[in-house]
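model_8.cif (mmCIF, C-alpha atoms)
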```cif
data_data
loop_
_atom_site.group_PDB
_atom_site.id
_atom_site.type_symbol
_atom_site.label_atom_id
_atom_site.label_comp_id
_atom_site.auth_asym_id
_atom_site.auth_seq_id
_atom_site.Cartn_x
_atom_site.Cartn_y
_atom_site.Cartn_z
ATOM 1 C CA MET A 1098 -21.002 11.196 -41.068
ATOM 2 C CA ARG A 1099 -22.439 14.692 -40.740
ATOM 3 C CA ASN A 1100 -23.724 16.036 -37.474
ATOM 4 C CA LYS A 1101 -27.050 17.791 -37.705
ATOM 5 C CA SER A 1102 -27.573 18.506 -34.038
ATOM 6 C CA VAL A 1103 -25.374 21.083 -32.333
ATOM 7 C CA ILE A 1104 -25.916 19.458 -28.931
ATOM 8 C CA THR A 1105 -24.759 16.081 -30.194
ATOM 9 C CA GLU A 1106 -21.723 17.710 -31.718
ATOM 10 C CA ALA A 1107 -20.893 19.490 -28.472
ATOM 11 C CA TYR A 1108 -21.117 16.172 -26.661
ATOM 12 C CA GLN A 1109 -18.906 14.501 -29.272
ATOM 13 C CA ILE A 1110 -16.306 17.241 -28.855
ATOM 14 C CA GLN A 1111 -16.364 16.759 -25.086
ATOM 15 C CA VAL A 1112 -15.775 13.040 -25.509
ATOM 16 C CA ALA A 1113 -12.985 13.679 -28.013
ATOM 17 C CA VAL A 1114 -11.256 16.200 -25.709
ATOM 18 C CA LYS A 1115 -11.387 13.733 -22.817
ATOM 19 C CA LEU A 1116 -9.939 10.993 -25.005
ATOM 20 C CA ILE A 1117 -7.156 13.279 -26.280
ATOM 21 C CA GLU A 1118 -6.288 14.282 -22.729
ATOM 22 C CA LEU A 1119 -5.974 10.618 -21.834
ATOM 23 C CA GLY A 1120 -3.547 10.185 -24.730
ATOM 24 C CA ALA A 1121 -5.707 8.609 -27.423
ATOM 25 C CA ARG A 1122 -4.406 8.263 -30.978
ATOM 26 C CA LEU A 1123 -6.251 9.813 -33.898
ATOM 27 C CA GLN A 1124 -7.548 6.486 -35.225
ATOM 28 C CA LEU A 1125 -9.334 5.835 -31.925
ATOM 29 C CA LEU A 1126 -10.986 9.267 -32.061
ATOM 30 C CA GLN A 1127 -12.180 8.665 -35.604
ATOM 31 C CA GLU A 1128 -13.768 5.362 -34.607
ATOM 32 C CA GLU A 1129 -15.387 6.494 -31.385
ATOM 33 C CA THR A 1130 -16.691 9.939 -32.351
ATOM 34 C CA SER A 1131 -18.622 11.084 -35.390
ATOM 35 C CA LEU A 1132 -16.487 14.193 -35.922
ATOM 36 C CA SER A 1133 -14.644 14.696 -39.175
ATOM 37 C CA ARG A 1134 -10.924 14.048 -39.435
ATOM 38 C CA GLU A 1135 -10.166 17.741 -39.987
ATOM 39 C CA ARG A 1136 -12.035 18.770 -36.867
ATOM 40 C CA LEU A 1137 -10.322 16.076 -34.834
ATOM 41 C CA LEU A 1138 -6.909 17.180 -36.113
ATOM 42 C CA LYS A 1139 -7.657 20.768 -35.125
ATOM 43 C CA LEU A 1140 -8.974 19.666 -31.753
ATOM 44 C CA TYR A 1141 -5.922 17.512 -31.135
ATOM 45 C CA LYS A 1142 -3.554 20.392 -31.866
ATOM 46 C CA GLU A 1143 -5.537 22.680 -29.633
ATOM 47 C CA VAL A 1144 -5.549 20.292 -26.675
ATOM 48 C CA ARG A 1145 -2.029 18.916 -26.911
ATOM 49 C CA GLY A 1146 -0.233 21.663 -28.786
ATOM 50 C CA VAL A 1147 1.366 19.181 -31.187
ATOM 51 C CA SER A 1148 0.282 17.199 -34.217
ATOM 52 C CA PRO A 1149 -0.918 13.644 -33.499
ATOM 53 C CA SER A 1150 1.648 10.923 -34.031
ATOM 54 C CA LYS A 1151 1.350 9.083 -37.310
ATOM 55 C CA GLY A 1152 1.716 5.456 -38.225
ATOM 56 C CA MET A 1153 0.140 2.135 -37.445
ATOM 57 C CA LEU A 1154 -1.497 1.382 -34.130
ATOM 58 C CA PRO A 1155 0.055 -1.339 -31.971
ATOM 59 C CA TYR A 1156 -1.914 -4.315 -33.206
ATOM 60 C CA SER A 1157 -1.065 -7.487 -31.321
ATOM 61 C CA THR A 1158 -2.781 -9.701 -28.795
ATOM 62 C CA ASP A 1159 0.582 -11.049 -27.635
ATOM 63 C CA TRP A 1160 1.540 -7.772 -25.957
ATOM 64 C CA PHE A 1161 -1.161 -8.413 -23.350
ATOM 65 C CA MET A 1162 0.429 -11.739 -22.372
ATOM 66 C CA SER A 1163 3.790 -10.666 -20.966
ATOM 67 C CA TRP A 1164 3.942 -10.253 -17.207
ATOM 68 C CA SER A 1165 3.482 -6.596 -16.382
ATOM 69 C CA PRO A 1166 1.156 -5.733 -19.310
ATOM 70 C CA ASN A 1167 -0.973 -8.758 -18.439
ATOM 71 C CA ILE A 1168 -1.591 -7.599 -14.877
ATOM 72 C CA HIS A 1169 -2.318 -4.045 -15.981
ATOM 73 C CA SER A 1170 -4.668 -5.111 -18.736
ATOM 74 C CA SER A 1171 -6.396 -7.616 -16.440
ATOM 75 C CA LEU A 1172 -6.958 -4.836 -13.929
ATOM 76 C CA PHE A 1173 -8.388 -2.583 -16.621
ATOM 77 C CA MET A 1174 -10.564 -5.313 -18.101
ATOM 78 C CA ASP A 1175 -11.940 -6.350 -14.706
ATOM 79 C CA ILE A 1176 -12.931 -2.741 -14.009
ATOM 80 C CA HIS A 1177 -14.399 -2.390 -17.493
ATOM 81 C CA GLN A 1178 -16.500 -5.538 -17.177
ATOM 82 C CA PHE A 1179 -17.645 -4.509 -13.719
ATOM 83 C CA LEU A 1180 -18.835 -1.144 -15.042
ATOM 84 C CA VAL A 1181 -20.584 -2.705 -18.033
ATOM 85 C CA ALA A 1182 -22.313 -5.267 -15.835
ATOM 86 C CA HIS A 1183 -23.248 -3.132 -12.844
ATOM 87 C CA ALA A 1184 -23.147 0.568 -13.759
ATOM 88 C CA GLU A 1185 -24.973 0.287 -17.096
ATOM 89 C CA LEU A 1186 -22.217 1.979 -19.051
ATOM 90 C CA SER A 1187 -21.286 1.042 -22.599
ATOM 91 C CA GLY A 1188 -19.086 2.018 -25.520
ATOM 92 C CA VAL A 1189 -16.794 4.985 -25.214
ATOM 93 C CA GLU A 1190 -18.197 6.007 -21.803
ATOM 94 C CA ALA A 1191 -17.268 2.672 -20.282
ATOM 95 C CA LEU A 1192 -13.833 2.910 -21.881
ATOM 96 C CA VAL A 1193 -13.099 6.383 -20.506
ATOM 97 C CA LYS A 1194 -14.480 5.671 -17.042
ATOM 98 C CA ALA A 1195 -12.705 2.325 -16.722
ATOM 99 C CA TYR A 1196 -9.445 3.855 -17.930
ATOM 100 C CA CYS A 1197 -9.701 6.731 -15.415
ATOM 101 C CA LEU A 1198 -10.344 4.265 -12.595
ATOM 102 C CA TYR A 1199 -7.440 2.120 -13.809
ATOM 103 C CA LEU A 1200 -5.097 5.140 -13.753
ATOM 104 C CA GLU A 1201 -6.286 5.971 -10.266
ATOM 105 C CA GLN A 1202 -5.611 2.438 -8.990
ATOM 106 C CA ILE A 1203 -2.135 2.465 -10.522
ATOM 107 C CA ASN A 1204 -1.318 5.891 -9.103
ATOM 108 C CA VAL A 1205 -2.302 4.765 -5.605
ATOM 109 C CA SER A 1206 0.355 2.062 -5.630
ATOM 110 C CA GLY A 1207 2.884 4.446 -7.172
ATOM 111 C CA ASP A 1208 3.429 2.452 -10.352
ATOM 112 C CA GLU A 1209 3.583 3.737 -13.876
ATOM 113 C CA ALA A 1210 0.642 3.127 -16.186
ATOM 114 C CA VAL A 1211 1.785 0.463 -18.636
ATOM 115 C CA LEU A 1212 -1.486 0.325 -20.545
ATOM 116 C CA SER A 1213 -2.208 3.293 -22.828
ATOM 117 C CA ILE A 1214 -5.770 4.216 -23.667
ATOM 118 C CA THR A 1215 -5.233 3.140 -27.270
ATOM 119 C CA ARG A 1216 -4.141 -0.301 -26.090
ATOM 120 C CA ALA A 1217 -7.058 -0.388 -23.648
ATOM 121 C CA TRP A 1218 -9.399 0.359 -26.540
ATOM 122 C CA PHE A 1219 -7.830 -2.466 -28.545
ATOM 123 C CA LEU A 1220 -8.204 -4.752 -25.558
ATOM 124 C CA VAL A 1221 -11.949 -4.097 -25.439
ATOM 125 C CA ARG A 1222 -12.180 -4.706 -29.185
ATOM 126 C CA PHE A 1223 -10.225 -7.950 -28.888
ATOM 127 C CA PHE A 1224 -12.742 -9.051 -26.268
ATOM 128 C CA ASP A 1225 -15.651 -8.103 -28.532
ATOM 129 C CA ALA A 1226 -14.041 -10.083 -31.347
ATOM 130 C CA LYS A 1227 -13.565 -13.036 -28.952
ATOM 131 C CA MET A 1228 -9.813 -13.117 -29.512
ATOM 132 C CA LEU A 1229 -9.097 -12.684 -25.817
ATOM 133 C CA GLN A 1230 -11.015 -13.753 -22.722
ATOM 134 C CA LEU A 1231 -10.789 -13.671 -18.939
ATOM 135 C CA THR A 1232 -10.027 -16.789 -16.992
ATOM 136 C CA GLY A 1233 -9.958 -17.435 -13.258
ATOM 137 C CA CYS A 1234 -6.710 -18.085 -11.405
ATOM 138 C CA THR A 1235 -6.969 -21.335 -9.455
ATOM 139 C CA GLU A 1236 -5.063 -19.879 -6.501
ATOM 140 C CA CYS A 1237 -6.520 -16.409 -5.985
ATOM 141 C CA THR A 1238 -9.761 -16.684 -8.044
ATOM 142 C CA GLY A 1239 -9.021 -13.333 -9.732
ATOM 143 C CA HIS A 1240 -9.771 -12.974 -13.433
ATOM 144 C CA PHE A 1241 -6.943 -12.472 -15.916
ATOM 145 C CA VAL A 1242 -6.599 -11.796 -19.637
ATOM 146 C CA VAL A 1243 -5.687 -14.840 -21.751
ATOM 147 C CA HIS A 1244 -5.954 -15.936 -25.392
ATOM 148 C CA ALA A 1245 -9.408 -17.254 -26.192
ATOM 149 C CA ASP A 1246 -10.200 -20.929 -26.600
ATOM 150 C CA GLU A 1247 -7.073 -22.448 -25.141
ATOM 151 C CA LEU A 1248 -6.879 -24.884 -22.247
ATOM 152 C CA TYR A 1249 -6.713 -23.256 -18.821
ATOM 153 C CA ALA A 1250 -7.556 -26.116 -16.463
ATOM 154 C CA ASN A 1251 -4.933 -25.198 -13.845
ATOM 155 C CA TYR A 1252 -4.300 -21.577 -14.734
ATOM 156 C CA ILE A 1253 -2.277 -19.628 -12.168
ATOM 157 C CA CYS A 1254 -1.881 -15.888 -12.620
ATOM 158 C CA GLY A 1255 1.282 -13.834 -12.856
ATOM 159 C CA ILE A 1256 0.884 -12.369 -9.388
ATOM 160 C CA CYS A 1257 0.457 -15.680 -7.550
ATOM 161 C CA ARG A 1258 3.397 -17.153 -9.453
ATOM 162 C CA PRO A 1259 5.584 -14.403 -10.893
ATOM 163 C CA PRO A 1260 8.302 -15.416 -13.356
ATOM 164 C CA SER A 1261 11.824 -15.244 -11.922
ATOM 165 C CA ARG A 1262 12.795 -11.966 -13.570
ATOM 166 C CA ALA A 1263 9.415 -10.276 -13.216
ATOM 167 C CA GLY A 1264 9.534 -6.543 -12.611
ATOM 168 C CA LYS A 1265 13.326 -6.374 -12.913
ATOM 169 C CA THR A 1266 13.456 -4.211 -15.982
ATOM 170 C CA ASN A 1267 16.450 -2.210 -17.055
ATOM 171 C CA LYS A 1268 14.733 0.965 -15.926
ATOM 172 C CA ASN A 1269 14.007 -0.302 -12.397
ATOM 173 C CA GLY A 1270 17.597 -1.492 -12.063
ATOM 174 C CA ARG A 1271 19.003 1.886 -12.976
ATOM 175 C CA ARG A 1272 16.715 3.684 -10.582
ATOM 176 C CA SER A 1273 17.840 1.577 -7.628
ATOM 177 C CA VAL A 1274 21.495 2.215 -8.519
ATOM 178 C CA SER A 1275 20.968 5.955 -8.524
ATOM 179 C CA LEU A 1276 19.172 5.672 -5.166
ATOM 180 C CA ASN A 1277 22.137 3.811 -3.693
ATOM 181 C CA THR A 1278 24.691 6.299 -4.878
ATOM 182 C CA SER A 1279 22.840 9.484 -4.000
ATOM 183 C CA PRO A 1280 23.668 9.517 -0.219
ATOM 184 C CA ALA A 1281 27.393 9.349 -0.975
ATOM 185 C CA ILE A 1282 27.359 12.617 -2.905
ATOM 186 C CA MET B 498 -16.276 1.915 26.204
ATOM 187 C CA ASN B 499 -19.761 1.598 27.616
ATOM 188 C CA THR B 500 -22.836 0.825 25.548
ATOM 189 C CA ASN B 501 -23.983 4.416 25.274
ATOM 190 C CA GLN B 502 -20.622 5.522 23.988
ATOM 191 C CA MET B 503 -20.613 2.692 21.481
ATOM 192 C CA HIS B 504 -24.024 3.669 20.172
ATOM 193 C CA GLU B 505 -22.812 7.222 19.728
ATOM 194 C CA GLU B 506 -19.784 5.998 17.781
ATOM 195 C CA ILE B 507 -21.945 3.779 15.580
ATOM 196 C CA LYS B 508 -24.282 6.658 14.798
ATOM 197 C CA GLU B 509 -21.350 8.845 13.897
ATOM 198 C CA ALA B 510 -19.870 6.191 11.631
ATOM 199 C CA ASN B 511 -23.286 5.649 10.036
ATOM 200 C CA LEU B 512 -23.718 9.332 9.341
ATOM 201 C CA SER B 513 -20.293 9.828 7.791
ATOM 202 C CA TYR B 514 -20.706 6.652 5.745
ATOM 203 C CA MET B 515 -24.095 7.694 4.404
ATOM 204 C CA LEU B 516 -22.939 11.237 3.645
ATOM 205 C CA LEU B 517 -19.817 10.015 1.897
ATOM 206 C CA ALA B 518 -21.739 7.436 -0.117
ATOM 207 C CA ARG B 519 -24.324 10.002 -1.177
ATOM 208 C CA GLN B 520 -21.678 12.521 -2.156
ATOM 209 C CA MET B 521 -19.754 9.928 -4.147
ATOM 210 C CA ILE B 522 -22.880 8.879 -6.027
ATOM 211 C CA GLN B 523 -23.892 12.441 -6.810
ATOM 212 C CA GLU B 524 -20.444 13.336 -8.101
ATOM 213 C CA ASP B 525 -19.845 10.300 -10.280
ATOM 214 C CA GLN B 526 -22.349 7.494 -10.196
ATOM 215 C CA ALA B 527 -20.404 4.886 -12.169
ATOM 216 C CA ALA B 528 -17.218 5.349 -10.152
ATOM 217 C CA ALA B 529 -19.213 5.297 -6.913
ATOM 218 C CA ILE B 530 -20.845 2.002 -7.865
ATOM 219 C CA PHE B 531 -17.378 0.602 -8.496
ATOM 220 C CA ARG B 532 -15.866 1.920 -5.272
ATOM 221 C CA LEU B 533 -18.775 1.155 -2.952
ATOM 222 C CA GLY B 534 -19.568 -2.210 -4.518
ATOM 223 C CA ILE B 535 -23.308 -1.582 -4.661
ATOM 224 C CA SER B 536 -25.864 -2.060 -7.411
ATOM 225 C CA LYS B 537 -27.183 0.786 -9.552
ATOM 226 C CA GLU B 538 -30.594 0.415 -7.961
ATOM 227 C CA MET B 539 -29.119 0.871 -4.519
ATOM 228 C CA ALA B 540 -27.049 3.849 -5.718
ATOM 229 C CA ASP B 541 -30.189 5.527 -7.086
ATOM 230 C CA LEU B 542 -31.960 4.916 -3.805
ATOM 231 C CA ILE B 543 -29.193 6.387 -1.651
ATOM 232 C CA ALA B 544 -28.802 9.413 -3.923
ATOM 233 C CA GLY B 545 -32.534 10.040 -3.685
ATOM 234 C CA LEU B 546 -32.703 10.097 0.110
ATOM 235 C CA SER B 547 -33.736 13.392 1.659
ATOM 236 C CA PRO B 548 -31.544 14.804 4.466
ATOM 237 C CA ALA B 549 -34.238 13.913 7.008
ATOM 238 C CA GLN B 550 -34.399 10.318 5.777
ATOM 239 C CA LEU B 551 -30.647 10.111 5.839
ATOM 240 C CA LEU B 552 -30.456 11.329 9.417
ATOM 241 C CA LYS B 553 -33.139 8.901 10.480
ATOM 242 C CA MET B 554 -31.263 6.035 8.857
ATOM 243 C CA ALA B 555 -27.975 7.033 10.440
ATOM 244 C CA ALA B 556 -29.555 7.229 13.892
ATOM 245 C CA SER B 557 -29.867 3.440 13.960
ATOM 246 C CA ASN B 558 -28.074 1.479 16.668
ATOM 247 C CA MET B 559 -26.833 -0.984 14.070
ATOM 248 C CA LEU B 560 -23.927 -0.313 11.748
ATOM 249 C CA LEU B 561 -25.122 0.339 8.187
ATOM 250 C CA CYS B 562 -21.956 -0.738 6.367
ATOM 251 C CA ARG B 563 -20.127 -4.011 6.628
ATOM 252 C CA PHE B 564 -16.906 -5.726 5.608
ATOM 253 C CA ARG B 565 -16.543 -6.392 1.911
ATOM 254 C CA PHE B 566 -13.731 -8.920 2.239
ATOM 255 C CA ASP B 567 -15.596 -11.894 3.624
ATOM 256 C CA GLU B 568 -12.997 -14.345 2.457
ATOM 257 C CA LYS B 569 -9.800 -15.515 4.094
ATOM 258 C CA LEU B 570 -7.679 -14.930 1.020
ATOM 259 C CA LEU B 571 -8.775 -11.364 0.503
ATOM 260 C CA LEU B 572 -8.394 -10.634 4.204
ATOM 261 C CA ASN B 573 -4.839 -11.981 4.156
ATOM 262 C CA MET B 574 -4.070 -9.920 1.121
ATOM 263 C CA ILE B 575 -5.178 -6.636 2.616
ATOM 264 C CA THR B 576 -3.592 -7.190 6.003
ATOM 265 C CA ASP B 577 -0.404 -9.131 5.303
ATOM 266 C CA TYR B 578 0.896 -8.086 1.905
ATOM 267 C CA ASN B 579 3.937 -5.876 2.117
ATOM 268 C CA LYS B 580 5.967 -3.849 -0.342
ATOM 269 C CA ASP B 581 7.962 -6.886 -1.454
ATOM 270 C CA ARG B 582 4.964 -8.551 -2.912
ATOM 271 C CA MET B 583 4.603 -7.060 -6.378
ATOM 272 C CA MET B 584 1.395 -5.414 -7.538
ATOM 273 C CA SER B 585 -0.482 -6.147 -4.317
ATOM 274 C CA GLN B 586 -2.731 -3.114 -4.710
ATOM 275 C CA ALA B 587 -3.674 -4.082 -8.248
ATOM 276 C CA HIS B 588 -4.205 -7.662 -7.121
ATOM 277 C CA THR B 589 -6.642 -6.584 -4.435
ATOM 278 C CA THR B 590 -8.632 -4.551 -6.947
ATOM 279 C CA ILE B 591 -8.708 -7.431 -9.422
ATOM 280 C CA LEU B 592 -10.119 -9.708 -6.748
ATOM 281 C CA MET B 593 -12.580 -7.094 -5.494
ATOM 282 C CA THR B 594 -14.113 -6.661 -8.961
ATOM 283 C CA GLY B 595 -14.955 -10.346 -8.958
ATOM 284 C CA ARG B 596 -16.844 -10.170 -5.663
ATOM 285 C CA PRO B 597 -20.641 -10.276 -5.579
ATOM 286 C CA MET B 598 -22.140 -6.864 -4.811
ATOM 287 C CA GLU B 599 -24.774 -5.569 -2.462
ATOM 288 C CA VAL B 600 -28.130 -5.665 -4.169
ATOM 289 C CA LEU B 601 -31.631 -4.921 -2.983
ATOM 290 C CA ALA B 602 -33.642 -8.029 -2.353
ATOM 291 C CA ALA B 603 -36.770 -8.258 -4.438
#
```
How does this structure look as structure tokens?
Amino acid sequence: MRNKSVITEAYQIQVAVKLIELGARLQLLQEETSLSRERLLKLYKEVRGVSPSKGMLPYSTDWFMSWSPNIHSSLFMDIHQFLVAHAELSGVEALVKAYCLYLEQINVSGDEAVLSITRAWFLVRFFDAKMLQLTGCTECTGHFVVHADELYANYICGICRPPSRAGKTNKNGRRSVSLNTSPAI
Amino acid sequence: MNTNQMHEEIKEANLSYMLLARQMIQEDQAAAIFRLGISKEMADLIAGLSPAQLLKMAASNMLLCRFRFDEKLLLNMITDYNKDRMMSQAHTTILMTGRPMEVLAA
């Protein structure tokens, strides 16, 4: 697609820069902006200082189902749907705004962002394709990401009923060990 | 606190609330709608208020904002959750997005 208008192109570049800053992969940029691949490559190198990573995008709906990713993606999707419904945003604007708000929420509680913008973009596309949906938890009434068209009569979310080893990743374990040993030194 | 003092406090709270809301909307409307839990119509209206109108509104004896967590569960969550409970902040946000928002009656 060729851009005729300079103003439109300037806007597209702004969007692309924002997406690159948030960590978007090149494939996402190509889909969401009408800039050519060469321009995007140049832009990417200018913003990040390195070439974009190559290879396939993480394409799986199952990733969104494990405990921590599910909560993060539910949070993002709830914000996204809220913005689409009430703030009259759509497309890439809704994606960027929802992702920024998601990052902000995660930073407040001092957690690490598990959901990357590329995954968030896939999440929105999976919803558009009706491969995933939101369903209400019967205990807390919050809405969570689940596979579409399965039975969720008594669905209870991962926060109300966390699995026994939830949140105890290798990384967390190591951090607590180093915290325990540091006063001794 | 006597009644006069209370009215003064309410007016002060009203004024800071209105100023904050207006500033939030002017800076980033979509994010403000999300954070304040108001409709776009209402956001447009608040952003369009003149300083005189805003002052007049804030001078009311009634509080202009009200509690958004009108449900026992949400109230418990905000007040009682501690660090041990995982992802409590995220949980609160997830529940808040599902709440009905303040809209202007027709």
Would you list which chain A residues are within 8 Å of chain B using all atoms listed in the file, as a PDB file with C-alpha atoms, in the frame of the given file?
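Full text of result_1.pdb as output:
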```
ATOM      1  CA  ILE A1168      -1.591  -7.599 -14.877  1.00  0.00           C
ATOM      2  CA  HIS A1169      -2.318  -4.045 -15.981  1.00  0.00           C
ATOM      3  CA  SER A1171      -6.396  -7.616 -16.440  1.00  0.00           C
ATOM      4  CA  LEU A1172      -6.958  -4.836 -13.929  1.00  0.00           C
ATOM      5  CA  ASP A1175     -11.940  -6.350 -14.706  1.00  0.00           C
ATOM      6  CA  ILE A1176     -12.931  -2.741 -14.009  1.00  0.00           C
ATOM      7  CA  PHE A1179     -17.645  -4.509 -13.719  1.00  0.00           C
ATOM      8  CA  LEU A1180     -18.835  -1.144 -15.042  1.00  0.00           C
ATOM      9  CA  HIS A1183     -23.248  -3.132 -12.844  1.00  0.00           C
ATOM     10  CA  ALA A1184     -23.147   0.568 -13.759  1.00  0.00           C
ATOM     11  CA  GLU A1185     -24.973   0.287 -17.096  1.00  0.00           C
ATOM     12  CA  LEU A1186     -22.217   1.979 -19.051  1.00  0.00           C
ATOM     13  CA  LYS A1194     -14.480   5.671 -17.042  1.00  0.00           C
ATOM     14  CA  LEU A1198     -10.344   4.265 -12.595  1.00  0.00           C
ATOM     15  CA  GLN A1202      -5.611   2.438  -8.990  1.00  0.00           C
ATOM     16  CA  ILE A1203      -2.135   2.465 -10.522  1.00  0.00           C
ATOM     17  CA  VAL A1205      -2.302   4.765  -5.605  1.00  0.00           C
ATOM     18  CA  SER A1206       0.355   2.062  -5.630  1.00  0.00           C
ATOM     19  CA  CYS A1237      -6.520 -16.409  -5.985  1.00  0.00           C
ATOM     20  CA  THR A1238      -9.761 -16.684  -8.044  1.00  0.00           C
ATOM     21  CA  GLY A1239      -9.021 -13.333  -9.732  1.00  0.00           C
ATOM     22  CA  HIS A1240      -9.771 -12.974 -13.433  1.00  0.00           C
ATOM     23  CA  ILE A1256       0.884 -12.369  -9.388  1.00  0.00           C
ATOM     24  CA  GLY A1264       9.534  -6.543 -12.611  1.00  0.00           C
TER      25      GLY A1264
END
```
For the interface of range 1189-1227 of chain A with range 1245-1253 of chain A (cut-off 12 Å, counting only C-alpha atoms), please tabulate each contacting residue of range 1189-1227 of chain A alongside its nearest pair of atoms and their separation in Å to one decimal, rows sorted by chain and increasing number, as JSON lines.
```
{"residue": "A:Phe1223", "atom": "CA", "partner": "A:Ala1245", "partner_atom": "CA", "distance": 9.7}
{"residue": "A:Phe1224", "atom": "CA", "partner": "A:Ala1245", "partner_atom": "CA", "distance": 8.9}
{"residue": "A:Asp1225", "atom": "CA", "partner": "A:Ala1245", "partner_atom": "CA", "distance": 11.3}
{"residue": "A:Ala1226", "atom": "CA", "partner": "A:Ala1245", "partner_atom": "CA", "distance": 10.0}
{"residue": "A:Lys1227", "atom": "CA", "partner": "A:Ala1245", "partner_atom": "CA", "distance": 6.5}
```
For Gln1127 in chain A: contacts at 12 Å, all atoms listed in the file, fewer than 2 positions along chain excluded, given as number ranges by chain:
A: 1098, 1109-1110, 1112-1113, 1116-1117, 1121-1125, 1129-1138, 1141, 1189
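Between CA of Ser557 in chain B and CA of Asn499 in chain B the separation is 17.1 Å.
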With the file shown as input, list the residues that the PyMOL selection byres ((chain A and resi 1196) around 9) selects, as a list in words.
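Here the PyMOL selection byres ((chain A and resi 1196) around 9) matches Leu1119, Phe1173, Ile1176, His1177, Ala1191, Leu1192, Val1193, Lys1194, Ala1195, Cys1197, Leu1198, Tyr1199, Leu1200, Glu1201, Ser1213, Ile1214 and Ala1217 of chain A.
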Neighbourhood query: residues within 12 Å of (-9.5, -8.0, -27.7), file coordinates, counting only C-alpha atoms; return as a VMD selection string.
chain A and resid 1156 to 1162 1170 to 1171 1174 1215 to 1231 1242 to 1245
Nearest to Gly545 in chain B, restricted to only C-alpha atoms and choosing among B:Tyr514, B:Leu561, B:Ile522, B:Glu599, comes out as B:Ile522
Quick one, how far is CA of Leu552 in chain B from CA of Phe566 in chain B?
27.2 Å
Of the candidates B:Leu516, B:Val600, B:Ala510, B:His504, which one gets nearest to Ser547 in chain B if we count all atoms listed in the file?
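For Ser547 in chain B, the nearest of the candidates is B:Leu516.
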By how many Å are CA of Glu1236 in chain A and CA of Arg565 in chain B apart?
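Distance between the two atoms: 19.6 Å.
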